[in-house]
Amino acid sequence: MGLFDYKNAGSEAGKALYSDAIALTLYAYTPTGQPLPATAWAPIGAAALGYQGNVGAQGTFYGEKEGFTSAEAEVLGKYDGAGKLIGIGIAFRGTGGLGYSDTFGDMKNNLLAAVGPVDYATNYAKNAFDTLLKSVAAFAIAHGLSAKDVLVSGHSLGGLGVNSLAELSGNNWGGFFKDANYIAFASPTQSATGNNVLNIGYENDPVFRVLDGTTFSSGSLGKHDGHQDSATNNIVNFNDQYASTAQNLVPFSILNPLNWSAHGSLGYADGLNRVIDSRFYDLTDKDSTLIVSNLSESSRGSTWGEDLGRSGEPHTGSTFIIGTDSNDLLKGGAGNDFIEGRDGNDRFRDDGGYNLLLGGKGSNTFELQKPLQNFSIANDGDGTLYVRDAYGGISMTRDIGALVSRESGSWWGSKDITYNVTANGLLHGSELTHYNHSINGDAYGNTLVASVDGDWLFGNAGDDLLRSDKSDVTFVGGAGNDVMHASGGGNTFLFSGAFGFDAINGYQGSDKLVFMGVQGAGQGYDFTQHASQAGNDTVLKIGDYAVTLVGVGLDNLSASGITFA
């Protein structure tokens, strides 16, 4: 689906819309004369629009009505490779801006939006830019564009402008803007027009959603992390302030200057751009829990990026943790985690569950925090290391060059032992610890047969046949349409990514089905809504793919034997 999927257009469309929106938003903050960050966009001037209002030397449009003259907006056109106009962008500037003058006027508008006249926030866009918006609508129509070709964006007070325009769009300006695209960042308000606006923000940003819709309430001065239908609800800006225990002894409040460190527009762009670049992006949705590292360079070597639960309502479901392109410390919890290090020499930890760890570039280390004997470690021969803990949880890891175990030391202490990950096993000095026994396939169809209890069968790519009469075997068919035969009991059938259309023969009640990182089927997936009886078999539709349990009736399935991560 994707975190920024807008009006169910899909992940790729959502990412493209977000990219345009953040570019326009930053341009509205850009000091006068700086180049436009998105090359497909160019400013549309007052003359082209036939606009007669107050315009700055560089083409910025100022608020029109008395009391709103500090408001600013940019109007830009999007052009294809042949220079044809294919879209229009309206970017409202937030409070102050980079190198701007009338910050006090903006602060007054923020205050009035919170505690001023009824509907002040709702009517903001009309009061500030009524004539300009009429001109933009006429310009778009004259160039054969519809509202669906218009993108409206803004940060902070600019986000309030986005929500205001969306709220008023059906009954003003001839209704032209009703079906426009609305992407707001860090907006204090949320439009009541259903899914018309996507409000993007960090939950620990004290400005984001500070108003209940457009109304100041008692919760506005404290934690205001209640669910909002139009908003992202669980993204954490993991910065120095959020990580600091001392700073978090002070109550969370919009009145606390320390909390404002999560609000800046550049911090939004840097963190969220890494989110849309993430290899986990398609596994997320609007309400996914995301921990986005924005620690200062000096803090990254000593502070673990993790879900500390310091911003408001408890998080549920899988947790996504995104690092930087520097050296990071990234730590998952007891639940199911998706952790991505990106560039740099990163260190990972996790406290259990079913997890995907992507090291990225650099020399990366997975710290087990327990003795090596507590883990079963298998290598599929195709770049993925599987680490199973004593409680049955599994971490699938890639680009991990070393594992660190914590072993007993002298005098009741402990010591960390580092093992280099090699093709043949874990190497500590001259001592080689072999991986758990496994049979590995290749990129083509293979027939693999388990030879010992506790074996791992890795089909990898291709349409594979995996057989076992042993117990406690882990079947990993991989990509392709695979057929599995089991009889020993206590087996694990592990599926991840685009696993294909697979069949399991000999499924027993003691077996486990584990689905990790399957798009459209994350934690909380209700398999009962996607299971069907086909003759004597049961078909489980998992996202876009399916598993057939041959000879198994629907009544023989139990949620306790199926895990989604």
# chains A, B, ... in the order shown; residues from 1 in each chain; ligands from 1
$ residues_around --residues "Gly341 of chain A" --least-positions-apart "3" --cutoff "10 Å" --atoms "only C-alpha atoms" --output "list in words"
Ser278, Ser293, Ile321, Ile322, Gly323, Thr324, Asp325, Ser326, Asn327, Asp328, Leu329, Leu330, Gly344, Asn345, Asp346, Arg347, Phe348, Leu357, Leu358, Gly359, Gly360, Lys361, Gly362, Asn364 and Asp399 of chain A
$ residues_around --residues "Ser405 of chain A" --least-positions-apart "2" --cutoff "9 Å" --atoms "only C-alpha atoms" --output "list of chain:residue names"
A:Phe366, A:Glu367, A:Leu368, A:Gln369, A:Lys370, A:Pro371, A:Leu372, A:Leu403, A:Glu407, A:Lys415, A:Asp416, A:Ile417, A:Thr418, A:Tyr419
$ select_by_dssp --residues "segment 48-268 of chain A" --states "helix (DSSP H, G or I)" --output "count of residues only"
77
$ residues_around --residues "Ala21 of chain A" --least-positions-apart "3" --cutoff "10 Å" --atoms "only C-alpha atoms" --output "PDB file with N, CA, C and O atoms, in the first residue's frame"
ATOM      1  N   LYS A  15       4.143   7.966  -3.797  1.00  0.00           N
ATOM      2  CA  LYS A  15       5.525   8.451  -3.669  1.00  0.00           C
ATOM      3  C   LYS A  15       5.783   9.628  -4.596  1.00  0.00           C
ATOM      4  O   LYS A  15       6.450  10.597  -4.215  1.00  0.00           O
ATOM      5  N   ALA A  16       5.265   9.547  -5.823  1.00  0.00           N
ATOM      6  CA  ALA A  16       5.459  10.642  -6.777  1.00  0.00           C
ATOM      7  C   ALA A  16       4.779  11.917  -6.285  1.00  0.00           C
ATOM      8  O   ALA A  16       5.347  13.013  -6.368  1.00  0.00           O
ATOM      9  N   LEU A  17       3.564  11.772  -5.760  1.00  0.00           N
ATOM     10  CA  LEU A  17       2.835  12.934  -5.255  1.00  0.00           C
ATOM     11  C   LEU A  17       3.539  13.532  -4.038  1.00  0.00           C
ATOM     12  O   LEU A  17       3.666  14.751  -3.911  1.00  0.00           O
ATOM     13  N   TYR A  18       4.003  12.658  -3.138  1.00  0.00           N
ATOM     14  CA  TYR A  18       4.753  13.146  -1.979  1.00  0.00           C
ATOM     15  C   TYR A  18       6.000  13.917  -2.425  1.00  0.00           C
ATOM     16  O   TYR A  18       6.313  14.985  -1.882  1.00  0.00           O
ATOM     17  N   LEU A  24       7.681  21.329  -3.501  1.00  0.00           N
ATOM     18  CA  LEU A  24       6.961  22.599  -3.518  1.00  0.00           C
ATOM     19  C   LEU A  24       6.986  23.258  -2.141  1.00  0.00           C
ATOM     20  O   LEU A  24       7.138  24.479  -2.023  1.00  0.00           O
ATOM     21  N   THR A  25       6.822  22.449  -1.099  1.00  0.00           N
ATOM     22  CA  THR A  25       6.827  22.980   0.261  1.00  0.00           C
ATOM     23  C   THR A  25       8.159  23.623   0.592  1.00  0.00           C
ATOM     24  O   THR A  25       8.221  24.727   1.158  1.00  0.00           O
ATOM     25  N   LEU A  26       9.251  22.962   0.259  1.00  0.00           N
ATOM     26  CA  LEU A  26      10.568  23.532   0.541  1.00  0.00           C
ATOM     27  C   LEU A  26      10.821  24.785  -0.297  1.00  0.00           C
ATOM     28  O   LEU A  26      11.477  25.724   0.163  1.00  0.00           O
ATOM     29  N   TYR A  27      10.290  24.788  -1.523  1.00  0.00           N
ATOM     30  CA  TYR A  27      10.460  25.979  -2.353  1.00  0.00           C
ATOM     31  C   TYR A  27       9.778  27.183  -1.726  1.00  0.00           C
ATOM     32  O   TYR A  27      10.285  28.302  -1.789  1.00  0.00           O
ATOM     33  N   GLY A  89       0.978  23.667  -9.196  1.00  0.00           N
ATOM     34  CA  GLY A  89       1.221  23.516  -7.775  1.00  0.00           C
ATOM     35  C   GLY A  89       0.971  24.815  -7.040  1.00  0.00           C
ATOM     36  O   GLY A  89       1.362  25.888  -7.513  1.00  0.00           O
ATOM     37  N   ILE A  90       0.307  24.721  -5.895  1.00  0.00           N
ATOM     38  CA  ILE A  90       0.115  25.864  -5.004  1.00  0.00           C
ATOM     39  C   ILE A  90       0.791  25.505  -3.690  1.00  0.00           C
ATOM     40  O   ILE A  90       0.456  24.498  -3.066  1.00  0.00           O
ATOM     41  N   ALA A  91       1.772  26.299  -3.282  1.00  0.00           N
ATOM     42  CA  ALA A  91       2.524  26.028  -2.060  1.00  0.00           C
ATOM     43  C   ALA A  91       2.341  27.182  -1.082  1.00  0.00           C
ATOM     44  O   ALA A  91       2.740  28.309  -1.372  1.00  0.00           O
ATOM     45  N   LEU A 151      -1.897  20.330  -7.408  1.00  0.00           N
ATOM     46  CA  LEU A 151      -1.365  19.846  -6.134  1.00  0.00           C
ATOM     47  C   LEU A 151      -1.194  21.028  -5.195  1.00  0.00           C
ATOM     48  O   LEU A 151      -0.556  22.020  -5.547  1.00  0.00           O
ATOM     49  N   VAL A 152      -1.761  20.920  -3.993  1.00  0.00           N
ATOM     50  CA  VAL A 152      -1.676  21.977  -2.989  1.00  0.00           C
ATOM     51  C   VAL A 152      -0.873  21.443  -1.809  1.00  0.00           C
ATOM     52  O   VAL A 152      -1.185  20.369  -1.270  1.00  0.00           O
ATOM     53  N   SER A 153       0.169  22.174  -1.412  1.00  0.00           N
ATOM     54  CA  SER A 153       1.027  21.693  -0.330  1.00  0.00           C
ATOM     55  C   SER A 153       1.424  22.841   0.583  1.00  0.00           C
ATOM     56  O   SER A 153       1.264  24.021   0.247  1.00  0.00           O
ATOM     57  N   GLY A 154       1.972  22.483   1.740  1.00  0.00           N
ATOM     58  CA  GLY A 154       2.444  23.489   2.689  1.00  0.00           C
ATOM     59  C   GLY A 154       2.839  22.838   3.995  1.00  0.00           C
ATOM     60  O   GLY A 154       2.424  21.715   4.303  1.00  0.00           O
ATOM     61  N   HIS A 155       3.656  23.539   4.755  1.00  0.00           N
ATOM     62  CA  HIS A 155       4.166  23.042   6.034  1.00  0.00           C
ATOM     63  C   HIS A 155       3.732  23.979   7.149  1.00  0.00           C
ATOM     64  O   HIS A 155       3.749  25.199   6.999  1.00  0.00           O
ATOM     65  N   ASN A 181      -5.452  17.713  -5.402  1.00  0.00           N
ATOM     66  CA  ASN A 181      -4.648  16.883  -4.502  1.00  0.00           C
ATOM     67  C   ASN A 181      -4.112  17.753  -3.375  1.00  0.00           C
ATOM     68  O   ASN A 181      -3.516  18.801  -3.626  1.00  0.00           O
ATOM     69  N   TYR A 182      -4.278  17.298  -2.134  1.00  0.00           N
ATOM     70  CA  TYR A 182      -3.901  18.092  -0.970  1.00  0.00           C
ATOM     71  C   TYR A 182      -2.946  17.290  -0.082  1.00  0.00           C
ATOM     72  O   TYR A 182      -3.338  16.275   0.510  1.00  0.00           O
ATOM     73  N   ILE A 183      -1.698  17.746   0.016  1.00  0.00           N
ATOM     74  CA  ILE A 183      -0.688  17.109   0.867  1.00  0.00           C
ATOM     75  C   ILE A 183      -0.141  18.166   1.815  1.00  0.00           C
ATOM     76  O   ILE A 183       0.490  19.135   1.382  1.00  0.00           O
ATOM     77  N   ALA A 184      -0.394  18.003   3.117  1.00  0.00           N
ATOM     78  CA  ALA A 184       0.047  18.983   4.115  1.00  0.00           C
ATOM     79  C   ALA A 184       1.062  18.348   5.049  1.00  0.00           C
ATOM     80  O   ALA A 184       0.946  17.169   5.408  1.00  0.00           O
ATOM     81  N   PHE A 185       2.059  19.135   5.437  1.00  0.00           N
ATOM     82  CA  PHE A 185       3.088  18.681   6.367  1.00  0.00           C
ATOM     83  C   PHE A 185       2.986  19.477   7.667  1.00  0.00           C
ATOM     84  O   PHE A 185       2.901  20.706   7.648  1.00  0.00           O
TER      85      PHE A 185
END
$ atom_distance --atom1 "atom CA of Ser218 of chain A" --atom2 "atom CA of Val292 of chain A"
28.8 Å
